Amino acid sequence: MYDLSFFRSNLDAISARLAERGFTLDVEEFRALDGRRRAAVTESEQLKARKNIETAEIRKLRQQGADTTERQQAVRATDERIAALDEQVNALDEEFRQALASVPNLPHESVPSGRSAEDNVEVRRWGQPRRFDFPPKAHWDLGPELGILDLERAAKVTGARFAVYWDLGAKLERALINFMLDVHTREHGYTEVLPPFLVNSASLFGTGQLPKFAEDLFKIENTDFWLAPTAEVPVTNLFRNETLDAARLPIQLCAYTPCFRSEAGSYGRDVRGIIRQHQFQKVELVKFTRPEESYGELEKLTADAEDILRRLGLPYRTVVLSTGDMGFSSAKTYDIEVWLPGLNDYKEISSCSNFEAFQARRASIRSKAAKGKSEFVHTLNGSGLAIGRTWVAVVENYQQADGSVLVPEALRPYLNAERIGKRL
């Protein structure tokens, strides 16, 4: 969301920058809206000035004993016209805001220009993909063979793109959640929070999912409740309509939640296994920062997410997304991509983004120092990490020739096992 006065004053520059991310801003529509608003404001101000003069004249005439009935009626008519104009201005402002709600954030100047993911830029790489001395299996084969992943029964219970985990498969999922939360809270300085898994429309508007991406969400019929698509939504909105003490910033929160997405428009992509699910688990990192510190905090947040992969010994690369591949609300995003032998490729496991004041303005989240005026905070978030895809990465990267899976050392205290063998 943009500041209205900034948007009105910089339409051409904003339009040019948004064009780099493939978005066409209807400048003429906004100018027409603004023109009607300016005309109403101008007429209202002129009438108010005329009314003040007329009111002063009536006061003088009444002191002289003159009949001012007709002039008073004219002033009342002017009051009615002023009220109608002010209502029109408010309606036009709301129309402007509604139109703005579907306009994406401006990309930061450091974001590479591009049309798609092909234009993303790799910034670093860690670890080397393992060279197997046997043909490695994909998780959709290995998991069922070990008896730890069951997609057929999940489809029976619910439908496609859901999963059932059995035994050490379920424990591996839980171990990853606890491991990530422990690292982020004990070593990276985040405070854990367990938010509701249902959110209202105001929360989804605040983080930018509504109104534009309603089709990607699941809504509870006859309520204003939606299934949370990510912990970003409830955690960011914990401070909606609040003014934070600037001395507390940055505030760093982490949360585990299940995530629910309809994956509208993604059918045919990643259909095998559990890469793209309607329900999956995630540990999310969320920050509220001072504007001048947000890009430094983005680097730290990304490093915190990467640290989980290094501790698990999983090769990855980090790319900065181009203007053509960025999310709606983001000003800059790093994607962390883990190596998956089953795909023989890197796959995104975390997106770490700085939204600047875009979400904070929509959700009305400000900060104020002891001396000084309030300002919108900058919000950031990133997966720390997506649990299901980390599960896949562990199973595929640590598979052995006998069909078993070694448990990474970092997870053994949580799983109380060194190896995942075939379930009896």
# chains A, B, ... in the order shown; residues from 1 in each chain; ligands from 1
>>> residues_around(residues="A:Val271", least_positions_apart="4", cutoff="12 Å", atoms="only C-alpha atoms", output="PyMOL selection string")
chain A and resi 140+151+160-162+263+266-267+275-278
>>> write_last_selection(atoms="C-alpha atoms", output="PDB file, in the first residue's frame")
ATOM      1  CA  TRP A 140       7.752 -40.255  -3.757  1.00  0.00           C
ATOM      2  CA  LEU A 151      -0.088 -40.390  -0.463  1.00  0.00           C
ATOM      3  CA  ALA A 160      -4.907 -34.970  -4.008  1.00  0.00           C
ATOM      4  CA  ARG A 161      -1.972 -32.930  -2.720  1.00  0.00           C
ATOM      5  CA  PHE A 162      -2.226 -34.106   0.868  1.00  0.00           C
ATOM      6  CA  GLU A 263      -2.457 -23.584  -5.351  1.00  0.00           C
ATOM      7  CA  SER A 266      -0.353 -24.260 -10.310  1.00  0.00           C
ATOM      8  CA  TYR A 267      -1.946 -27.509 -11.431  1.00  0.00           C
ATOM      9  CA  ILE A 275       6.725 -30.554  -3.129  1.00  0.00           C
ATOM     10  CA  ARG A 276       3.489 -28.619  -3.678  1.00  0.00           C
ATOM     11  CA  GLN A 277       0.718 -29.414  -1.202  1.00  0.00           C
ATOM     12  CA  HIS A 278      -2.606 -27.924  -0.128  1.00  0.00           C
TER      13      HIS A 278
END
>>> residues_around(residues="A:Ser5", least_positions_apart="2", cutoff="12 Å", atoms="only C-alpha atoms", output="compact mmCIF listing (two decimals) with C-alpha atoms, in the first residue's frame")
# COMPACT_ATOMS: atom_id res chain seq x y z
CA TYR A 2 1.23 3.47 -0.79
CA ASP A 3 0.98 6.86 0.83
CA PHE A 7 1.35 8.09 -5.13
CA ARG A 8 -0.56 11.04 -6.60
CA SER A 9 2.60 13.10 -6.95
CA ASN A 10 4.74 10.39 -8.56
CA LEU A 11 2.40 8.53 -10.89
CA ASP A 34 -7.51 12.39 -8.70
CA ASP A 93 -10.38 8.64 -1.42
CA PHE A 96 -8.48 5.46 -4.71
CA ARG A 97 -7.45 3.23 -1.80
>>> atom_distance(atom1="atom CA of A:Ala99", atom2="atom CA of A:Leu321")
25.9 Å
>>> closest_residue(among="A:Val377, A:Ile349, A:Ile365, A:Leu146", to="A:Asn237", atoms="only C-alpha atoms")
A:Ile365
>>> closest_residue(among="A:Ser113, A:Thr390, A:Ser262, A:Asn354", to="A:Leu301", atoms="only C-alpha atoms")
A:Asn354
>>> select_by_dssp(residues="stretch 7-204 of chain A", states="alpha helix (DSSP H)", output="VMD selection string")
chain A and resid 7 to 9 11 to 19 27 to 63 69 to 100 139 to 146 151 to 157 168 to 186 201 to 204
>>> atom_distance(atom1="atom CA of A:Val395", atom2="atom CA of A:Cys254")
25.0 Å
>>> atom_distance(atom1="atom CA of A:Lys51", atom2="atom CA of A:Gly35")
24.1 Å
>>> closest_residue(among="A:Gln281, A:Ser15, A:Gln128, A:Ser364", to="A:Thr243", atoms="only C-alpha atoms")
A:Ser364
>>> decode(residues="stretch 61-105 of chain A", atoms="N, CA and C atoms", output="short mmCIF file (atom, residue, chain, number, x, y, z; two decimals), in the first residue's frame")
data_model
loop_
_atom_site.label_atom_id
_atom_site.label_comp_id
_atom_site.auth_asym_id
_atom_site.auth_seq_id
_atom_site.Cartn_x
_atom_site.Cartn_y
_atom_site.Cartn_z
N LEU A 61 -25.57 42.48 9.49
CA LEU A 61 -26.93 42.91 9.13
C LEU A 61 -27.91 42.68 10.28
N ARG A 62 -27.75 41.56 10.97
CA ARG A 62 -28.65 41.27 12.09
C ARG A 62 -28.45 42.27 13.22
N GLN A 63 -27.20 42.71 13.40
CA GLN A 63 -26.92 43.73 14.42
C GLN A 63 -27.59 45.06 14.07
N GLN A 64 -27.79 45.26 12.76
CA GLN A 64 -28.44 46.49 12.29
C GLN A 64 -29.96 46.35 12.21
N GLY A 65 -30.46 45.13 12.57
CA GLY A 65 -31.90 44.91 12.58
C GLY A 65 -32.47 44.51 11.24
N ALA A 66 -31.65 44.17 10.26
CA ALA A 66 -32.12 43.82 8.92
C ALA A 66 -32.63 42.39 8.89
N ASP A 67 -33.51 42.11 7.92
CA ASP A 67 -34.05 40.76 7.73
C ASP A 67 -33.03 39.95 6.91
N THR A 68 -32.54 38.85 7.48
CA THR A 68 -31.50 38.03 6.81
C THR A 68 -32.00 36.61 6.50
N THR A 69 -33.32 36.46 6.47
CA THR A 69 -33.89 35.11 6.29
C THR A 69 -33.40 34.45 5.00
N GLU A 70 -33.51 35.15 3.88
CA GLU A 70 -33.12 34.57 2.60
C GLU A 70 -31.63 34.25 2.56
N ARG A 71 -30.84 35.13 3.13
CA ARG A 71 -29.38 34.90 3.11
C ARG A 71 -29.00 33.72 4.01
N GLN A 72 -29.71 33.55 5.11
CA GLN A 72 -29.46 32.41 5.98
C GLN A 72 -29.85 31.11 5.28
N GLN A 73 -30.95 31.14 4.52
CA GLN A 73 -31.35 29.96 3.76
C GLN A 73 -30.28 29.60 2.72
N ALA A 74 -29.71 30.64 2.12
CA ALA A 74 -28.66 30.41 1.13
C ALA A 74 -27.43 29.78 1.78
N VAL A 75 -27.11 30.22 3.00
CA VAL A 75 -25.96 29.65 3.73
C VAL A 75 -26.23 28.19 4.07
N ARG A 76 -27.49 27.87 4.46
CA ARG A 76 -27.81 26.49 4.76
C ARG A 76 -27.68 25.61 3.50
N ALA A 77 -28.07 26.16 2.36
CA ALA A 77 -27.91 25.42 1.10
C ALA A 77 -26.44 25.19 0.79
N THR A 78 -25.62 26.20 1.10
CA THR A 78 -24.18 26.06 0.90
C THR A 78 -23.61 24.99 1.81
N ASP A 79 -24.09 24.96 3.07
CA ASP A 79 -23.65 23.92 4.01
C ASP A 79 -23.96 22.53 3.48
N GLU A 80 -25.17 22.38 2.91
CA GLU A 80 -25.55 21.08 2.36
C GLU A 80 -24.65 20.69 1.20
N ARG A 81 -24.31 21.68 0.34
CA ARG A 81 -23.44 21.39 -0.79
C ARG A 81 -22.03 21.03 -0.31
N ILE A 82 -21.55 21.72 0.71
CA ILE A 82 -20.22 21.43 1.27
C ILE A 82 -20.20 20.01 1.84
N ALA A 83 -21.26 19.66 2.57
CA ALA A 83 -21.33 18.31 3.15
C ALA A 83 -21.32 17.25 2.05
N ALA A 84 -22.06 17.51 0.97
CA ALA A 84 -22.11 16.55 -0.14
C ALA A 84 -20.74 16.43 -0.81
N LEU A 85 -20.04 17.56 -0.95
CA LEU A 85 -18.71 17.53 -1.57
C LEU A 85 -17.71 16.79 -0.68
N ASP A 86 -17.78 17.05 0.63
CA ASP A 86 -16.87 16.36 1.55
C ASP A 86 -17.13 14.85 1.51
N GLU A 87 -18.39 14.47 1.42
CA GLU A 87 -18.72 13.05 1.32
C GLU A 87 -18.18 12.48 0.01
N GLN A 88 -18.27 13.28 -1.05
CA GLN A 88 -17.75 12.84 -2.35
C GLN A 88 -16.23 12.65 -2.29
N VAL A 89 -15.53 13.57 -1.61
CA VAL A 89 -14.07 13.46 -1.46
C VAL A 89 -13.72 12.19 -0.70
N ASN A 90 -14.45 11.92 0.39
CA ASN A 90 -14.18 10.71 1.16
C ASN A 90 -14.43 9.46 0.32
N ALA A 91 -15.49 9.47 -0.49
CA ALA A 91 -15.80 8.33 -1.34
C ALA A 91 -14.72 8.14 -2.40
N LEU A 92 -14.21 9.24 -2.96
CA LEU A 92 -13.16 9.16 -3.97
C LEU A 92 -11.85 8.69 -3.35
N ASP A 93 -11.57 9.14 -2.13
CA ASP A 93 -10.38 8.64 -1.42
C ASP A 93 -10.46 7.13 -1.22
N GLU A 94 -11.65 6.67 -0.83
CA GLU A 94 -11.83 5.23 -0.62
C GLU A 94 -11.70 4.47 -1.94
N GLU A 95 -12.25 5.04 -3.01
CA GLU A 95 -12.12 4.41 -4.33
C GLU A 95 -10.65 4.35 -4.74
N PHE A 96 -9.91 5.43 -4.43
CA PHE A 96 -8.48 5.46 -4.71
C PHE A 96 -7.76 4.37 -3.93
N ARG A 97 -8.10 4.24 -2.64
CA ARG A 97 -7.45 3.23 -1.80
C ARG A 97 -7.78 1.82 -2.30
N GLN A 98 -9.03 1.60 -2.70
CA GLN A 98 -9.40 0.28 -3.21
C GLN A 98 -8.62 -0.05 -4.48
N ALA A 99 -8.45 0.94 -5.34
CA ALA A 99 -7.66 0.72 -6.56
C ALA A 99 -6.20 0.45 -6.20
N LEU A 100 -5.69 1.18 -5.21
CA LEU A 100 -4.29 0.99 -4.78
C LEU A 100 -4.06 -0.38 -4.17
N ALA A 101 -5.11 -0.97 -3.60
CA ALA A 101 -4.96 -2.25 -2.91
C ALA A 101 -4.48 -3.36 -3.85
N SER A 102 -4.67 -3.17 -5.15
CA SER A 102 -4.25 -4.18 -6.12
C SER A 102 -2.96 -3.80 -6.85
N VAL A 103 -2.31 -2.76 -6.38
CA VAL A 103 -1.04 -2.32 -6.99
C VAL A 103 0.12 -2.88 -6.18
N PRO A 104 1.04 -3.62 -6.80
CA PRO A 104 2.14 -4.24 -6.04
C PRO A 104 3.15 -3.21 -5.53
N ASN A 105 4.00 -3.68 -4.64
CA ASN A 105 5.03 -2.83 -4.05
C ASN A 105 6.08 -2.46 -5.10
#
